[in-house]
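Chemist: I am attaching a structure below and will ask some questions about it afterwards.
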Amino acid sequence: MSEIVHNDVTGVVHGPLVQARDVFGGVHFHTAASLPVPSQLPPRPRLVDREAVIAQLDAMREEPTDVPLTVLITGPAGVGKSALSLAWAHMIRSHFPDGQLYADLRGHSGGDPVSPQKVLGDFLHSLGVPTDLIPGELAQRAALYRTVTRDQRVLVLLDDAMTAAQVRPLLPASSASSTVVTSRYRLAGLLMQGVRGVYVDRFDVEASLTLLRVALGNDRLEQQHEAASELVELCMRLPLALSVAAARLASRPSWPLREMVTALAEEQRTLAALTIGDDVALRSALDLSYRELRPDTARLYRLLSLFPGERFGGDAAAALAGITRMESRRLLGELTDANLLTDISDGRYRFHHALVRLHASQLAQADDQREVRDPAVGRLLAWYLATAACAERRLRPYRTQLPRDAEPPPAEVTDFGGPGDALEWLESERANLSAAVTLAHEQGREATSWQLADTMWALFLFMGHHAERLEVEETGLAAARSCGDLYAEGKMLNRLGLSLNALGRHDEAVTRFEEALEIWRRLGEREREVGSLRRLGLAAAGRGDHAVAIARLTDASAAYHALGADRKTALALIDLAGVLLEQDRGLDAVVHLERARDLLLGVDDAYNLARAGIFLGYAHAASGDHDEADRELRAALEEMAELGSSVGRAAALEGLGELAERAGRRGEARRMYENALEIMGQDGSIGYLRIKARIESFDRDG
């Protein structure tokens, strides 16, 4: 039997007890237990709003996982990424009993970013590793850090990261640990490894006012509420800009908010007015982001401020900068990673907010001579003109194309697989095309302006947008007159007259049509002269003068027939049938519509062929043949849906609604009308008002 040995400890033990045979004196171990648990988070900031993002972060943390949670919080400079991440870290710190680590990586501080090697040294020391046991090499420090954190529950906050390489070595190993990273960049290298991304956007109006109220007091804000609301919008609801503005106002309690509003309203001084020290100035933050860009990326950033619309695609950016599409996508990606741009779900981009665009614009004015800016705008307008003309050819292949020589042809033109793709592009670029018409006119590129307006006709024909269409065509007319092109002026007068007629402004429409008629007679353009007479017939119908309308449309169809213009003969017959239907002459209308359809079968005009079917549906319904009416309307609805025409779909649905109403199926009729109204949108046209009145009649009648 062996001797029983007792371990006797006669000194003080600092740290864990280690068994030995005899221990005399003190035993000292410098381990993690010998130091307090690290609690490195800076003071908790005051957080305004952000409940939705906090809830999103909480949901991520509560998801079951066997890997450490890492969240990357991104957003533009000044949006409050650091405040959000720090506030959330304080909220959840109790779940991490082994400590909370913090490092400011100074990715955008103006100096060199902090190296992960240095941060690891600080972290390891905070976790209890003696200084003389911390290795010097980055890889060795990272390995030791993973070992130390393997079984721990730690929270790590890494603020203002520059690159994924700066972050990776600082991620703890334990699945019970969490890391929060903030960066202006979307660190794709981290996201590809499973890091969760959270984007922080600017405040809404209420949150912005709350921030000002906290800083300035409720009384001051309520007494100057109008100025406060203007200040919120001038600061673009950006937390940093609001905070800086509020700090200036708080230090001047007698200074009216209106004075700050006046200062910010001066565009060229907007960013300079938001400066309290270089460390918090939005201008400084944007300048730093800009200086970090490569020269070609910085050039594109400046040029994008010249873009006439709010959203832009890679092809348009390529044309603007005179680079390839592939290069454009790469540079746009870099600007997005830097959070100077935001990528949108439809593959387009936009500046984060107006202050960023203003920053880019000021740089363009300072760094790029007019000899650089003007050709860039010309390249963009040329691309839009050529691409819109290509889209129009897909939608209206029967049309005699005008020469598009207002701008030199672009290096790359976007083409389309079919009419559906072409219409989708025109619709998605509608705002940009409208803005391009205006920009070209303002810059004295008058031929470009009216030709752009002309190429948008297919879009308006298929989709409506009457109010916007009116503005575009008024600009197009002004441009045509400025360049002294009578032919262009006549075309724009006809276009504008149709827009006015659709909006119920028939007298104004007549004036435009008569002006166009005079031009066509001066130019000896007989077919276009007949076109203006036909349009005057439409205006007469709108005024309720059916006899005049029928006479003019009958004469127009005969004149077109004599000229051998089958397609235009068919259009006049459709218009004539429409007037006959207003007089409840359904059988007469059927005769004209059947002839129109026969003529259109020999022309590549799917839209008007479907339109003839819609009118035939109305005509058969008026003559009592409801089954044939239903067949025609449903077939036309399918064709219009395939073409993507909201105008055509709404007209077919209105016809089906009227058919259901005639049969006493009021519930079905109402659904058809409501669907038609939803498709049209609130465009203010006669058709929209008519369908709205139908629905309101159901409400009145119960």
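Lettering and numbering for the structure tokens are positional, with chains as A, B, ... in the shown order, residues counted from 1 in each chain, and ligands counted from 1 in the shown order.
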Can you check which residues of region 293-373 of chain A DSSP gives as strand (DSSP E or B) on the backbone and send them as a list in words?
Modeler: Phe312, Leu341, Thr342, Asp343, Tyr349, Arg350 and Phe351 of chain A
Chemist: Which residues are near region 214-231 of chain A? Cut-off 12 Å, only C-alpha atoms, ignore same chain within fewer than 4 positions. Put them as a ChimeraX atom specification.
Modeler: /A:46-48,204-210,235-238,241-265,270,274
Chemist: DSSP on the backbone, then: every residue of region 373-622 of chain A marked alpha helix (DSSP H), written as a PyMOL selection string.
Modeler: chain A and resi 373-395+419-428+430-442+446-455+457-463+466-482+486-502+506-523+526-543+546-562+566-582+586-600+606-622
Chemist: Could you state the separation of CA of Met680 (chain A) and CA of Leu459 (chain A) in Å, given to one decimal place?
Modeler: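 Separation between CA of Met680 (chain A) and CA of Leu459 (chain A): 13.6 Å.
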Chemist: Pick out the residues sitting within 6 Å of region 490-494 of chain A, and hand them over as a list in words; count only C-alpha atoms, and ignore anything fewer than 5 positions along from it in its own chain.
Modeler: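 Non-adjacent residues within range: Leu477, Arg512, Phe513 and Ala516 of chain A.
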Chemist: Find the residues near region 480-489 of chain A: any atom within 12 Å, counting only C-alpha atoms, skip ones fewer than 3 places away on the same chain, and give them as a PyMOL selection string.
Modeler: chain A and resi 402+406+437+440-454+473-477+492-496+512-513+515-525+528-529
Chemist: Distance CA of Ala572 (chain A)-CA of Asp605 (chain A), one decimal place?
Modeler: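 If I compute the distance from CA of Ala572 (chain A) to CA of Asp605 (chain A), I get 14.6 Å.
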Chemist: At a cut-off of 9 Å, using only C-alpha atoms, what residues contact region 59-75 of chain A? Leave out same-chain residues fewer than 6 positions from it and give the result as JSON, numbers by chain.
Modeler: {"A": [81, 82, 84, 85, 171, 172, 173, 174, 175, 176, 177, 178, 179, 180, 181, 182, 183, 184, 185, 186, 187, 190, 191, 194, 195, 196, 197, 198, 199, 200, 201, 202, 338, 339, 352]}
Chemist: Go ahead and compute the interatomic distance for CA of Asp604 (chain A) and CA of Asp566 (chain A), in Å to one decimal.
Modeler: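 Interatomic distance, CA of Asp604 (chain A) to CA of Asp566 (chain A): 11.6 Å.
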Chemist: Which of these residues is nearest to Arg325 (chain A), using only C-alpha atoms: A:Ala382, A:Leu358, A:Val413, A:Ile54?
Modeler: A:Val413
Chemist: Residues at most 9 Å from Ala502 (chain A), counting only C-alpha atoms, excluding those fewer than 2 positions away in the same chain, as a PyMOL selection string?
Modeler: chain A and resi 466+497-500+504-506+542+684-687
Chemist: Could those residues be written to a file, using N, CA and C atoms, as a PDB file, in the first residue's frame?
Modeler:
ATOM      1  N   HIS A 466     -49.576  60.766 -69.122  1.00  0.00           N
ATOM      2  CA  HIS A 466     -49.983  61.953 -69.880  1.00  0.00           C
ATOM      3  C   HIS A 466     -49.397  63.255 -69.348  1.00  0.00           C
ATOM      4  N   GLY A 497     -50.488  68.294 -79.303  1.00  0.00           N
ATOM      5  CA  GLY A 497     -51.941  68.350 -79.461  1.00  0.00           C
ATOM      6  C   GLY A 497     -52.614  67.078 -78.977  1.00  0.00           C
ATOM      7  N   LEU A 498     -52.034  65.919 -79.278  1.00  0.00           N
ATOM      8  CA  LEU A 498     -52.602  64.653 -78.816  1.00  0.00           C
ATOM      9  C   LEU A 498     -52.566  64.560 -77.293  1.00  0.00           C
ATOM     10  N   SER A 499     -51.489  65.038 -76.680  1.00  0.00           N
ATOM     11  CA  SER A 499     -51.395  65.020 -75.214  1.00  0.00           C
ATOM     12  C   SER A 499     -52.475  65.906 -74.602  1.00  0.00           C
ATOM     13  N   LEU A 500     -52.637  67.103 -75.155  1.00  0.00           N
ATOM     14  CA  LEU A 500     -53.657  68.015 -74.641  1.00  0.00           C
ATOM     15  C   LEU A 500     -55.052  67.432 -74.821  1.00  0.00           C
ATOM     16  N   GLY A 504     -58.175  66.276 -71.999  1.00  0.00           N
ATOM     17  CA  GLY A 504     -59.442  67.002 -72.031  1.00  0.00           C
ATOM     18  C   GLY A 504     -59.312  68.470 -72.359  1.00  0.00           C
ATOM     19  N   ARG A 505     -58.127  68.910 -72.758  1.00  0.00           N
ATOM     20  CA  ARG A 505     -57.899  70.326 -73.080  1.00  0.00           C
ATOM     21  C   ARG A 505     -58.052  70.500 -74.597  1.00  0.00           C
ATOM     22  N   HIS A 506     -59.294  70.312 -75.057  1.00  0.00           N
ATOM     23  CA  HIS A 506     -59.551  70.176 -76.490  1.00  0.00           C
ATOM     24  C   HIS A 506     -59.303  71.466 -77.266  1.00  0.00           C
ATOM     25  N   GLY A 542     -63.828  64.991 -78.970  1.00  0.00           N
ATOM     26  CA  GLY A 542     -63.646  65.308 -77.562  1.00  0.00           C
ATOM     27  C   GLY A 542     -64.529  66.447 -77.114  1.00  0.00           C
ATOM     28  N   GLY A 684     -54.566  61.437 -64.818  1.00  0.00           N
ATOM     29  CA  GLY A 684     -55.383  62.606 -65.111  1.00  0.00           C
ATOM     30  C   GLY A 684     -56.011  62.622 -66.491  1.00  0.00           C
ATOM     31  N   SER A 685     -55.907  61.527 -67.244  1.00  0.00           N
ATOM     32  CA  SER A 685     -56.477  61.495 -68.586  1.00  0.00           C
ATOM     33  C   SER A 685     -57.989  61.328 -68.528  1.00  0.00           C
ATOM     34  N   ILE A 686     -58.646  61.559 -69.670  1.00  0.00           N
ATOM     35  CA  ILE A 686     -60.091  61.388 -69.749  1.00  0.00           C
ATOM     36  C   ILE A 686     -60.461  59.946 -69.417  1.00  0.00           C
ATOM     37  N   GLY A 687     -59.684  58.996 -69.924  1.00  0.00           N
ATOM     38  CA  GLY A 687     -59.963  57.589 -69.646  1.00  0.00           C
ATOM     39  C   GLY A 687     -59.899  57.276 -68.162  1.00  0.00           C
TER      40      GLY A 687
END
Chemist: Give the answer as one residue: which of A:Leu234, A:Ile679, A:Leu300, A:Val472 has the shortest atom-to-atom distance to Ala431 (chain A), using only C-alpha atoms?
Modeler: A:Val472
Chemist: Excluding same-chain residues fewer than 4 positions from Asp630 (chain A), what lies within 7 Å of it counting only C-alpha atoms, as a PyMOL selection string?
Modeler: chain A and resi 617+626+634+656
